[in-house]
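Participant: My structure is stored as query_3.txt, with compact mmCIF, C-alpha atoms.
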# COMPACT_ATOMS: atom_id res chain seq x y z
CA MET I 1 49.58 -8.88 -29.72
CA THR I 2 47.90 -6.26 -31.90
CA GLY I 3 50.34 -4.75 -34.36
CA ALA I 4 51.13 -1.08 -34.59
CA SER I 5 49.78 -1.07 -38.12
CA SER I 6 46.24 -1.46 -36.72
CA PHE I 7 46.41 1.99 -35.11
CA ALA I 8 45.22 4.75 -37.40
CA ASP I 9 45.22 7.39 -34.72
CA TRP I 10 48.45 7.11 -32.73
CA PRO I 11 48.83 10.19 -30.49
CA GLU I 12 51.30 12.76 -31.74
CA GLY I 13 54.87 11.91 -30.77
CA TRP I 14 54.12 8.25 -29.92
CA ARG I 15 55.26 5.13 -31.76
CA LEU I 16 55.77 1.43 -31.14
CA ASP I 17 59.34 0.14 -31.35
CA GLY I 18 59.38 -3.62 -30.83
CA GLU I 19 58.44 -4.31 -27.21
CA GLN I 20 58.42 -0.70 -26.08
CA LEU I 21 56.35 2.42 -26.50
CA VAL I 22 58.37 5.50 -27.44
CA TYR I 23 57.33 9.12 -26.93
CA GLU I 24 59.46 11.94 -28.39
CA ALA I 25 58.91 15.68 -28.07
CA GLU I 26 60.74 18.97 -27.82
CA LEU I 27 60.52 21.15 -24.70
CA LEU I 28 61.93 24.67 -24.70
CA GLY I 29 64.45 23.56 -27.30
CA TRP I 30 65.48 20.39 -25.40
CA LYS I 31 64.81 16.91 -26.79
CA LEU I 32 62.69 14.57 -24.67
CA ALA I 33 62.49 10.80 -25.18
CA VAL I 34 60.37 8.55 -22.94
CA LEU I 35 60.35 4.76 -23.13
CA SER I 36 57.71 2.43 -21.70
CA LEU I 37 58.55 -1.27 -21.83
CA LEU I 38 55.48 -3.40 -22.52
CA GLU I 39 56.86 -6.20 -20.36
CA ALA I 40 57.26 -3.92 -17.32
CA PRO I 41 54.82 -4.59 -14.41
CA TRP I 42 53.64 -0.96 -14.42
CA ASP I 43 51.91 1.41 -16.81
CA GLY I 44 54.17 4.44 -16.48
CA PRO I 45 57.48 5.32 -18.17
CA THR I 46 60.42 2.95 -17.83
CA SER I 47 63.07 5.51 -18.71
CA LEU I 48 63.31 9.18 -19.59
CA ARG I 49 66.07 10.97 -21.47
CA ILE I 50 66.59 14.70 -22.00
CA GLU I 51 69.18 15.96 -24.47
CA PRO I 52 70.19 19.56 -25.28
CA PRO I 53 69.42 21.26 -28.61
CA ASP I 54 71.74 20.75 -31.55
CA ASP I 55 72.97 24.29 -30.97
CA LEU I 56 74.58 24.01 -27.52
CA HIS I 57 75.14 27.77 -27.35
CA ALA I 58 71.36 28.23 -27.18
CA THR I 59 71.39 26.72 -23.68
CA VAL I 60 74.31 28.65 -22.24
CA GLY I 61 73.35 30.43 -19.04
CA THR I 62 70.29 28.25 -18.36
CA ASP I 63 72.11 25.98 -15.86
CA GLY I 64 71.37 23.02 -18.08
CA ILE I 65 68.28 21.07 -17.10
CA THR I 66 66.38 23.40 -14.78
CA VAL I 67 63.45 22.82 -12.45
CA GLU I 68 61.26 24.83 -14.82
CA LEU I 69 62.20 22.52 -17.68
CA MET I 70 61.39 19.43 -15.62
CA ARG I 71 58.04 20.88 -14.57
CA SER I 72 57.12 21.40 -18.21
CA ILE I 73 57.20 17.60 -18.71
CA SER I 74 53.63 16.33 -18.26
CA LEU I 75 54.39 12.95 -16.72
CA ALA I 76 50.73 12.49 -15.80
CA GLU I 77 49.71 12.94 -19.44
CA ILE I 78 52.51 10.66 -20.63
CA ARG I 79 51.50 7.94 -18.16
CA ARG I 80 47.83 8.28 -19.11
CA THR I 81 48.63 7.92 -22.82
CA ALA I 82 50.99 4.99 -22.19
CA LYS I 83 48.29 3.25 -20.14
CA GLU I 84 45.72 3.75 -22.88
CA LEU I 85 48.06 2.47 -25.59
CA ARG I 86 48.95 -0.59 -23.49
CA ALA I 87 45.23 -1.30 -23.08
CA ARG I 88 44.69 -0.99 -26.84
CA LEU I 89 47.60 -3.36 -27.43
CA GLY I 90 46.21 -5.85 -24.92
CA ARG I 91 49.21 -5.38 -22.62
CA SER I 92 47.58 -3.54 -19.71
CA VAL I 93 49.03 -4.35 -16.28
CA ASP I 94 45.65 -4.68 -14.53
CA GLY I 95 43.80 -6.17 -17.47
CA ALA I 96 42.00 -2.94 -18.34
CA THR I 97 40.66 -2.46 -21.83
CA ALA I 98 40.72 0.68 -23.91
CA MET I 99 37.10 1.44 -23.04
CA THR I 100 37.82 1.63 -19.28
CA VAL I 101 40.74 4.05 -19.45
CA LEU I 102 39.66 7.56 -18.45
CA HIS I 103 41.24 10.22 -20.63
CA ARG I 104 41.00 12.74 -17.83
CA VAL I 105 39.51 12.78 -14.33
CA GLU I 106 37.49 15.97 -14.08
CA THR I 107 33.88 15.39 -13.04
CA GLU I 108 32.63 14.09 -9.71
CA ARG I 109 31.36 10.97 -11.43
CA GLU I 110 34.82 10.24 -12.86
CA TYR I 111 36.35 10.71 -9.42
CA ALA I 112 33.76 8.28 -8.06
CA LEU I 113 34.60 5.75 -10.78
CA MET I 114 38.28 6.14 -9.96
CA ALA I 115 37.60 5.60 -6.26
CA ARG I 116 35.55 2.48 -6.97
CA GLU I 117 38.31 1.10 -9.21
CA TYR I 118 40.87 1.71 -6.46
CA VAL I 119 38.69 -0.20 -4.02
CA ARG I 120 38.54 -3.11 -6.46
CA LEU I 121 42.31 -3.12 -6.96
CA VAL I 122 42.98 -2.90 -3.23
CA GLY I 123 40.72 -5.89 -2.75
CA LEU I 124 42.95 -7.78 -5.19
CA GLY I 125 46.02 -6.89 -3.14
CA TYR I 126 47.28 -3.86 -5.06
CA ARG I 127 48.85 -0.94 -3.19
CA SER I 128 48.01 2.57 -4.32
CA PRO I 129 48.64 6.23 -3.39
CA VAL I 130 45.00 6.50 -2.39
CA THR I 131 45.28 3.76 0.23
CA THR I 132 48.31 5.58 1.64
CA MET I 133 46.29 8.78 1.65
CA LEU I 134 43.44 7.09 3.51
CA ARG I 135 45.81 5.68 6.11
CA ARG I 136 47.69 8.94 6.70
CA THR I 137 45.02 11.59 6.16
CA ILE I 138 41.49 10.18 6.49
CA GLU I 139 41.71 7.56 9.24
CA PRO I 140 43.78 9.61 11.76
CA PHE I 141 41.19 12.39 11.69
CA PHE I 142 37.82 10.71 11.14
CA GLY I 143 38.57 7.43 12.87
CA ASN I 144 35.43 5.25 12.97
CA GLU I 145 32.95 7.99 12.05
CA THR I 146 30.28 6.87 9.60
CA ILE I 147 29.70 8.59 6.25
CA GLU I 148 26.16 9.68 7.05
CA GLY I 149 27.36 11.41 10.25
CA VAL I 150 30.01 13.65 8.64
CA THR I 151 28.95 17.30 8.27
CA SER I 152 30.35 20.24 6.32
CA ALA I 153 31.70 21.70 9.56
CA ARG I 154 33.56 18.45 10.16
CA ILE I 155 35.05 18.60 6.66
CA GLU I 156 36.16 22.20 7.28
CA SER I 157 37.90 21.07 10.49
CA TRP I 158 39.62 18.33 8.52
CA VAL I 159 40.87 20.86 5.92
CA ASP I 160 42.13 23.08 8.76
CA TRP I 161 43.87 20.05 10.32
CA MET I 162 45.61 19.21 7.04
CA THR I 163 46.73 22.84 6.70
CA HIS I 164 48.06 23.54 10.21
CA VAL I 165 48.86 20.09 11.63
CA ARG I 166 50.01 18.20 8.57
CA GLY I 167 51.38 21.30 6.85
CA TYR I 168 50.07 20.29 3.40
CA GLN I 169 50.19 22.68 0.47
CA PRO I 170 46.86 23.84 -1.06
CA SER I 171 47.34 21.61 -4.12
CA THR I 172 47.87 18.55 -1.89
CA ILE I 173 44.82 19.40 0.18
CA ARG I 174 42.72 19.80 -2.96
CA PHE I 175 43.77 16.36 -4.25
CA ARG I 176 42.82 14.66 -0.97
CA PHE I 177 39.62 16.67 -0.75
CA ASN I 178 38.58 15.62 -4.27
CA ILE I 179 39.11 11.97 -3.43
CA LEU I 180 36.96 12.27 -0.30
CA MET I 181 34.29 14.20 -2.21
CA SER I 182 34.17 11.40 -4.79
CA VAL I 183 33.61 8.90 -1.98
CA PHE I 184 30.55 10.88 -0.85
CA SER I 185 29.31 11.06 -4.47
CA TRP I 186 29.65 7.32 -4.70
CA ALA I 187 27.82 6.94 -1.39
CA ILE I 188 24.93 9.04 -2.77
CA ASP I 189 24.72 6.79 -5.84
CA LEU I 190 24.52 3.78 -3.51
CA GLU I 191 21.90 5.57 -1.35
CA VAL I 192 24.12 5.37 1.74
CA THR I 193 23.67 9.11 2.27
CA ASP I 194 21.58 11.80 0.60
CA SER I 195 24.00 14.75 0.61
CA ASN I 196 27.65 15.61 -0.05
CA PRO I 197 29.05 17.74 2.82
CA CYS I 198 32.11 18.66 0.76
CA ARG I 199 30.13 20.92 -1.56
CA ALA I 200 29.84 23.77 0.95
CA VAL I 201 33.54 23.76 1.91
CA GLU I 202 36.00 26.35 0.60
CA LEU I 203 39.60 25.24 0.14
CA PRO I 204 42.85 27.18 0.58
CA VAL I 205 43.88 28.92 -2.63
CA SER I 206 46.97 27.48 -4.31
CA ARG I 207 49.63 29.55 -6.02
CA SER I 208 48.54 28.24 -9.42
CA ARG I 209 44.98 29.36 -8.65
CA THR I 210 46.37 32.78 -7.75
CA TYR I 211 48.10 32.88 -11.14
CA ARG I 212 44.85 32.03 -12.94
CA ASP I 213 42.86 34.59 -10.97
CA GLN I 214 45.37 37.31 -11.77
CA ARG I 215 45.20 36.47 -15.46
CA ALA I 216 41.47 37.15 -15.30
CA GLU I 217 41.77 40.52 -13.58
CA VAL I 218 43.87 43.68 -13.81
CA HIS I 219 46.14 43.85 -10.79
CA VAL I 220 47.85 47.17 -10.04
CA PRO I 221 50.55 46.97 -7.34
CA GLY I 222 51.24 49.98 -5.12
CA MET I 223 54.30 52.17 -5.44
CA GLU I 224 55.90 50.85 -2.25
CA THR I 225 55.49 47.29 -3.51
CA VAL I 226 57.04 48.10 -6.90
CA LEU I 227 60.03 49.88 -5.36
CA ALA I 228 60.56 47.04 -2.88
CA VAL I 229 60.60 44.43 -5.66
CA ILE I 230 63.04 46.46 -7.78
CA ALA I 231 65.36 46.90 -4.79
CA ALA I 232 65.22 43.17 -4.03
CA ALA I 233 65.96 42.09 -7.61
CA PRO I 234 69.50 41.22 -8.74
CA GLU I 235 71.36 44.37 -9.73
CA ARG I 236 71.87 43.00 -13.24
CA TYR I 237 68.14 43.09 -13.97
CA ARG I 238 66.93 46.15 -12.06
CA GLY I 239 67.09 48.27 -15.20
CA MET I 240 64.65 45.87 -16.85
CA LEU I 241 62.14 46.35 -14.04
CA TRP I 242 62.53 50.13 -14.28
CA LEU I 243 61.71 49.87 -17.99
CA MET I 244 58.54 47.95 -17.17
CA ALA I 245 57.34 50.12 -14.28
CA GLY I 246 59.26 53.25 -13.29
CA CYS I 247 58.72 55.29 -10.13
CA GLY I 248 55.13 56.44 -10.64
CA LEU I 249 55.95 60.04 -9.75
CA ARG I 250 56.39 62.62 -12.51
CA ALA I 251 57.20 59.89 -15.00
CA ALA I 252 56.09 56.30 -14.69
CA GLY I 253 58.83 54.53 -16.57
CA CYS I 254 58.28 53.24 -20.07
CA GLY I 255 55.70 50.49 -19.59
CA LEU I 256 57.57 47.89 -21.64
CA ARG I 257 56.38 44.32 -21.84
CA LEU I 258 58.81 41.66 -20.64
CA GLY I 259 59.65 40.47 -24.17
CA GLU I 260 60.24 44.07 -25.29
CA ALA I 261 62.63 44.72 -22.41
CA LEU I 262 64.52 41.52 -23.26
CA GLY I 263 64.83 42.67 -26.88
CA LEU I 264 66.06 46.20 -26.14
CA GLY I 265 69.42 47.01 -27.73
CA ARG I 266 71.83 49.89 -27.09
CA ASP I 267 71.11 51.45 -30.47
CA ARG I 268 67.41 51.75 -29.57
CA ILE I 269 68.17 54.13 -26.68
CA SER I 270 68.71 57.85 -27.19
CA PHE I 271 69.81 59.50 -23.98
CA THR I 272 70.09 62.82 -25.85
CA ASP I 273 66.51 62.82 -27.13
CA GLN I 274 65.26 60.94 -24.06
CA LEU I 275 63.50 58.38 -26.24
CA ILE I 276 63.44 54.61 -26.62
CA THR I 277 62.45 52.85 -29.85
CA ILE I 278 60.48 49.63 -29.27
CA ASP I 279 60.46 47.47 -32.39
CA ARG I 280 61.88 44.12 -31.21
CA GLN I 281 61.07 41.50 -28.62
CA VAL I 282 62.29 38.13 -27.44
CA ALA I 283 59.60 35.50 -28.01
CA CYS I 284 59.24 31.73 -27.66
CA ASP I 285 57.53 31.19 -31.00
CA GLY I 286 60.35 30.07 -33.26
CA ASP I 287 59.84 27.01 -35.46
CA THR I 288 61.32 23.84 -33.97
CA GLY I 289 60.07 21.47 -36.65
CA SER I 290 57.75 19.61 -34.27
CA GLY I 291 54.88 22.06 -34.59
CA ARG I 292 54.23 21.91 -30.84
CA TYR I 293 56.84 23.96 -29.02
CA GLY I 294 58.43 27.29 -29.86
CA SER I 295 62.12 28.09 -29.66
CA MET I 296 63.64 31.35 -28.47
CA ARG I 297 64.21 34.08 -31.03
CA LEU I 298 64.57 37.84 -31.39
CA ARG I 299 61.81 39.12 -33.66
CA HIS I 300 59.85 42.21 -34.69
CA VAL I 301 57.19 43.08 -32.11
CA LYS I 302 54.07 40.94 -32.56
CA TRP I 303 51.68 43.89 -32.49
CA ARG I 304 53.30 45.53 -35.55
CA GLU I 305 53.46 44.18 -39.09
CA ASP I 306 56.91 43.15 -40.31
CA GLY I 307 58.63 46.23 -41.64
CA GLU I 308 56.29 48.57 -39.80
CA GLN I 309 58.01 51.04 -37.54
CA GLY I 310 57.80 50.35 -33.85
CA ARG I 311 56.70 52.84 -31.25
CA ARG I 312 58.86 55.48 -29.56
CA VAL I 313 58.35 56.10 -25.86
CA PRO I 314 59.76 58.78 -23.56
CA LEU I 315 62.79 57.92 -21.42
CA PRO I 316 62.28 59.40 -17.94
CA ASP I 317 65.32 60.55 -15.97
CA VAL I 318 64.97 57.84 -13.32
CA VAL I 319 64.92 55.09 -15.97
CA ALA I 320 67.76 56.73 -17.92
CA LEU I 321 69.87 56.71 -14.76
CA ALA I 322 69.15 53.01 -14.21
CA LEU I 323 70.11 52.20 -17.82
CA ARG I 324 73.32 54.26 -17.66
CA ARG I 325 74.34 52.33 -14.53
CA HIS I 326 73.54 49.06 -16.25
CA LEU I 327 75.61 49.91 -19.34
CA ARG I 328 78.47 51.02 -17.10
CA ASP I 329 78.54 47.75 -15.13
CA HIS I 330 77.46 45.16 -17.71
CA VAL I 331 78.39 44.39 -21.30
CA THR I 332 75.83 44.11 -24.07
CA TRP I 333 75.39 40.94 -26.08
CA GLY I 334 75.24 40.09 -29.78
CA ALA I 335 75.14 42.16 -32.91
CA GLU I 336 71.99 43.87 -31.60
CA GLU I 337 73.83 44.87 -28.39
CA LEU I 338 71.04 43.57 -26.16
CA LEU I 339 71.11 45.01 -22.64
CA PHE I 340 69.66 42.00 -20.86
CA SER I 341 71.17 38.70 -21.87
CA ASN I 342 71.47 35.50 -19.86
CA ALA I 343 73.43 35.30 -16.60
CA THR I 344 76.73 34.63 -18.39
CA GLY I 345 76.22 37.31 -21.05
CA THR I 346 76.43 34.76 -23.86
CA GLY I 347 72.89 34.39 -25.20
CA LEU I 348 69.23 35.32 -25.03
CA LEU I 349 67.66 35.40 -21.60
CA TYR I 350 65.02 32.68 -21.34
CA PRO I 351 61.77 34.11 -19.83
CA TYR I 352 61.11 30.91 -17.85
CA TYR I 353 64.62 31.15 -16.39
CA TRP I 354 64.06 34.82 -15.51
CA TYR I 355 60.78 33.99 -13.78
CA GLY I 356 62.36 31.31 -11.59
CA ARG I 357 65.73 32.93 -10.87
CA THR I 358 64.88 36.64 -10.78
CA TRP I 359 61.19 37.48 -10.49
CA ARG I 360 59.92 35.02 -7.87
CA PRO I 361 63.02 35.36 -5.62
CA ALA I 362 62.65 39.16 -5.79
CA LEU I 363 59.02 38.92 -4.65
CA ALA I 364 60.03 36.63 -1.79
CA ALA I 365 62.95 38.87 -0.74
CA ALA I 366 60.68 41.92 -0.81
CA GLY I 367 58.12 40.10 1.33
CA VAL I 368 55.20 40.81 -1.01
CA ALA I 369 52.45 38.54 -2.28
CA TYR I 370 52.77 37.10 -5.76
CA PHE I 371 51.79 39.23 -8.74
CA LYS I 372 52.73 38.70 -12.35
CA PRO I 373 55.42 40.95 -13.89
CA HIS I 374 52.93 42.28 -16.46
CA SER I 375 51.29 44.06 -13.51
CA LEU I 376 54.23 46.50 -13.63
CA ARG I 377 52.88 47.63 -16.98
CA HIS I 378 49.46 48.11 -15.34
CA PHE I 379 51.21 50.19 -12.66
CA HIS I 380 52.74 52.32 -15.41
CA ALA I 381 49.37 52.82 -17.12
CA ALA I 382 47.55 53.62 -13.87
CA SER I 383 50.20 56.22 -12.98
CA LEU I 384 49.77 57.96 -16.34
CA LEU I 385 45.97 57.91 -16.18
CA SER I 386 46.01 59.34 -12.65
CA ARG I 387 47.88 62.38 -14.03
CA GLY I 388 45.36 62.97 -16.80
CA VAL I 389 47.23 61.41 -19.71
CA PRO I 390 44.67 60.47 -22.42
CA VAL I 391 43.83 56.77 -22.73
CA SER I 392 44.78 56.87 -26.43
CA GLU I 393 48.36 57.82 -25.48
CA VAL I 394 48.60 55.30 -22.64
CA SER I 395 47.50 52.42 -24.89
CA ALA I 396 49.75 53.37 -27.79
Just dump the structure as structure tokens.
Facilitator:
Amino acid sequence: MTGASSFADWPEGWRLDGEQLVYEAELLGWKLAVLSLLEAPWDGPTSLRIEPPDDLHATVGTDGITVELMRSISLAEIRRTAKELRARLGRSVDGATAMTVLHRVETEREYALMAREYVRLVGLGYRSPVTTMLRRTIEPFFGNETIEGVTSARIESWVDWMTHVRGYQPSTIRFRFNILMSVFSWAIDLEVTDSNPCRAVELPVSRSRTYRDQRAEVHVPGMETVLAVIAAAPERYRGMLWLMAGCGLRAAGCGLRLGEALGLGRDRISFTDQLITIDRQVACDGDTGSGRYGSMRLRHVKWREDGEQGRRVPLPDVVALALRRHLRDHVTWGAEELLFSNATGTGLLYPYYWYGRTWRPALAAAGVAYFKPHSLRHFHAASLLSRGVPVSEVSA
């Protein structure tokens, strides 16, 4: 076996420990360790361990290991790297070499190569997710139809069948669609057919695609939508949403960013002067030592130099009322007297926890389509601009 000393470019976080590959990383403050035994009859991880940060108080109120934390673990990337390292060590399960391991399947040609490799492995008796997909999704619909006889209209009917009969999610449909499209690309290379009917087919849009599209455009929700979301949110965090949006009438809230609302302390609010000072935020950019992942911390706002005074924004009556109710019903946390701490009032509120436990459930309860919370700030800006407030003041 090739020794670990022969590797001059081990991927970050990976090492060889005897007869096992070890991957260590830090995710949102938690410690991740993945082991892959070289003697195992598979390429993927053999075991996975997640341990809390050294400071246990940093995880209070996060419900321990959450779904969001688990989703941040890229098992596909870990398996791909483990498979490549096994090939380089001469310990690949299927006899693959380092040159045949695809770093990432992105192009149609790579999908075609993957499909051809699956066909070869199936011929050797291997079972695979693709063969299951063919048996459950391709064969029941297309039956004995030949490749050259399949049209774009037929593919569209198949997508509709997967959506309404099988009940597949858009991401699942896209995966199956890409496999079938690669088969047609392979058929073109072999001159079995001269066209790919999948090219003209539009797929259902997944939630992740919706997220990406909204990042690329400015989305401004309507007033009814904003009020419905605020009303559907947990009472503990309604004041935060008011700070980000407001009512859009005579005063459109304060237009705070999420991190700024999380970093707002009692001493930054002047009910007498009807002003709020914004000079702190909660951010996930603290040093963890690994250089890859940021830890939670309360810091000076990113868009101001350290020591530079933050901005002061008006406090409308409707937002002041929401904050007074919040202070009446909930205690502040820490020396900074933060208004919005975690669910138990014992630490910083993790943004990823807030997204999963507050924001998305509020959207669902309000019965509105997904939009990112930063759109509340766009709502605030649009409300000010519609009343003739100069752009220079809105963007301050």
Participant: Under the rule that all atoms listed in the file are counted, which of I:Leu349, I:Ala245, I:Glu156, I:Ile276 is the nearest residue to I:Val220?
Facilitator: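 Of the candidates, the smallest distance to I:Val220 is held by I:Ala245.
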Participant: Which of these, I:Gly239, I:Pro314, I:Pro361, I:Pro373, has the shortest distance to I:Arg328 once you count all atoms listed in the file?
Facilitator: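 Once distances to I:Arg328 are computed over all atoms listed in the file, the minimum belongs to I:Gly239.
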Participant: As an exercise, work out the distance from atom CA of I:Phe177 to atom CA of I:Asp194 in Å and give it to one decimal place.
Facilitator: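 Atom CA of I:Phe177 sits 18.7 Å away from atom CA of I:Asp194.
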Participant: Name the closest residue to I:Phe371 among the candidates I:Asn342, I:Thr225, I:Gln169, I:Asn178; distances are taken between atoms, counting only C-alpha atoms.
Facilitator: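 Ranking I:Asn342, I:Thr225, I:Gln169, I:Asn178 by distance to I:Phe371, first place goes to I:Thr225.
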Participant: Between atom CA of I:Ala364 and atom CA of I:Trp30, what is the distance, to one decimal in Å?
Facilitator: 29.2 Å
Participant: What does the distance from atom CA of I:Ala320 to atom CA of I:Thr346 come to in Å, to one decimal?
Facilitator: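 Taking atom CA of I:Ala320 and atom CA of I:Thr346, their separation equals 24.4 Å.
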Participant: Do a neighbour search on I:Arg86 at 8 Å with only C-alpha atoms, toss out local chain neighbours closer than 5 positions, and write the hits as a PyMOL selection string.
Facilitator: chain I and resi 38+43+91-92
Participant: To box stretch 221-232 of chain I, take all atoms listed in the file, fit an axis-aligned box, add 5 Å on each side, and give centre and edge lengths in Å to one decimal, as JSON.
Facilitator:
{"center_x": 58.0, "center_y": 47.7, "center_z": -5.0, "size_x": 24.8, "size_y": 19.0, "size_z": 15.5}
Participant: Residues within 8 Å of I:Arg280, please, as a ChimeraX atom specification. Count only C-alpha atoms; anything in the same chain fewer than 5 positions from it doesn't count.
Facilitator: /I:260,263-264,298-301,310
Participant: Looking at I:Leu243, I:Ala233, I:Val319, I:Ile73, which one is nearest to I:Tyr355, with distances taken over all atoms listed in the file?
Facilitator: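 Looking only at the distances to I:Tyr355, the closest residue turns out to be I:Ala233.
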Participant: Find the residue from I:Gly13, I:Gly388, I:Pro351, I:Gly222 that sits nearest to I:Leu28; use all atoms listed in the file when measuring.
Facilitator: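 Under the stated criterion, the closest residue is I:Pro351.
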Participant: Can you pull out the residues contacting I:Gly367? Cut-off 10 Å, using only C-alpha atoms, and skip same-chain residues under 2 positions away; I want them as number ranges by chain.
Facilitator: I: 225, 228-229, 232, 361-365, 369-370
